[in-house]
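*Asks:* Would you mind keeping the following structure in view while I ask a few things?
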Amino acid sequence: MEDVITEIPPPSRFFQEDLNNFITPSPPLPSPFVVFSNPKPEKPLRPSLLIVALSSPSLYIFHHLSPKTLIGSLILPEVPFSGISIEPSLTDKTCNIYSLNDGDKSILLASVQHGVSAERSHLVARLLIGEDIIPERLLILDSIQSRNFRGKLSPDETYAFKLETLAERKGLGGGNVVSLLLKGLDYIPSGSMIDGLAAALLSRCQLKNIKGTLCVSWPEFGGPVVALIKSLLQRNVLPNLDSSLKGDVQDQYATLNLIKHQHYDTEMYT
């Protein structure tokens, strides 16, 4: 006869989600929110261009961009404040919003230095687009992972692809496609997948009929991809970028530790 004390118990006949029914549910997380610095700007902000930096190379480039003015921060209650430095740092888990000085253009930058989970991506996208901030145009800078790319990506080469909303592709408001934000850049191959906050932002632009462009680069880290993103920005977005950067960011990036982001499974935009 089997010993009921020492024998391994049989597998549960319940699924994991059924077992969770007996556990008190966790309290809901507070909603994310935007805090603006003093003096508070008139809301909603209506920049001609909003740049959202998500990839490590783009975060590094804009961290060394000068001059830029910190005007606010997007707060996720689940991201702890411990360890955040007084001055903006690449190692901080923050989402700061800056105003960029580029002649007569009104350009805002959102530097997202922490991961955003699937269930929070659409809330964050709503805060950045359509409530306190209503941009005429949006540029998202993110990286592509090899598992989401339909095709082969060589680790020894750098690539950049784009994905656009219908308003951007048709050049609505400009009258022709010459006004495309990233002219000459290849479109991401069909069947590749974009997920996370980048997908939520581009989807919201599509719903709001806002000109939106997503630029994804490969590899995720490295000096050559920094040079590629810098070249794209200087040629198409910020002509004075090179003179506004502190030193040679490509060489500096190669000598520093890379920014690491936690990846989440999210809804996908194809």
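Residue numbering restarts at 1 for every chain of the structure tokens, chains are lettered A, B, ... in their displayed order, and ligands are numbered from 1 as they appear.
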If we count only C-alpha atoms, what is near Leu197 of chain A at a cut-off of 9 Å, once residues fewer than 2 positions away on the same chain are taken out, given as an NGL selection string?

*Replies:* :A and (54 or 115-118 or 120-122 or 124-125 or 195 or 199-202 or 266)

*Asks:* Extract the full set of strand (DSSP E or B) residues from segment 12-216 of chain A according to DSSP on the backbone, and format it as number ranges by chain.

*Replies:* A: 33-36, 45, 49-53, 65, 68-75, 95-102, 105-112, 133, 137-143, 159-164, 187, 194-195, 211-216

*Asks:* Looking at A:Ser146, A:Ser192, A:Ser111, A:Thr24, which one is nearest to Ser58 of chain A, with distances taken over only C-alpha atoms?

*Replies:*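 Nearest candidate to Ser58 of chain A out of A:Ser146, A:Ser192, A:Ser111, A:Thr24: A:Ser111.
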
*Asks:* What does the distance between atom CA of Leu74 of chain A and atom CA of Thr165 of chain A come to in Å, to one decimal place?

*Replies:*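 Result for atom CA of Leu74 of chain A versus atom CA of Thr165 of chain A: 24.4 Å, one decimal.
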
*Asks:* Quick one: residues within 7 Å of Lys211 of chain A, only C-alpha atoms, excluding same-chain residues fewer than 3 positions away - as a list in words?

*Replies:*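 Contacts, in chain order: Glu136, Arg137, Leu138, Thr165, Ala167, Glu168 and Cys205 of chain A.
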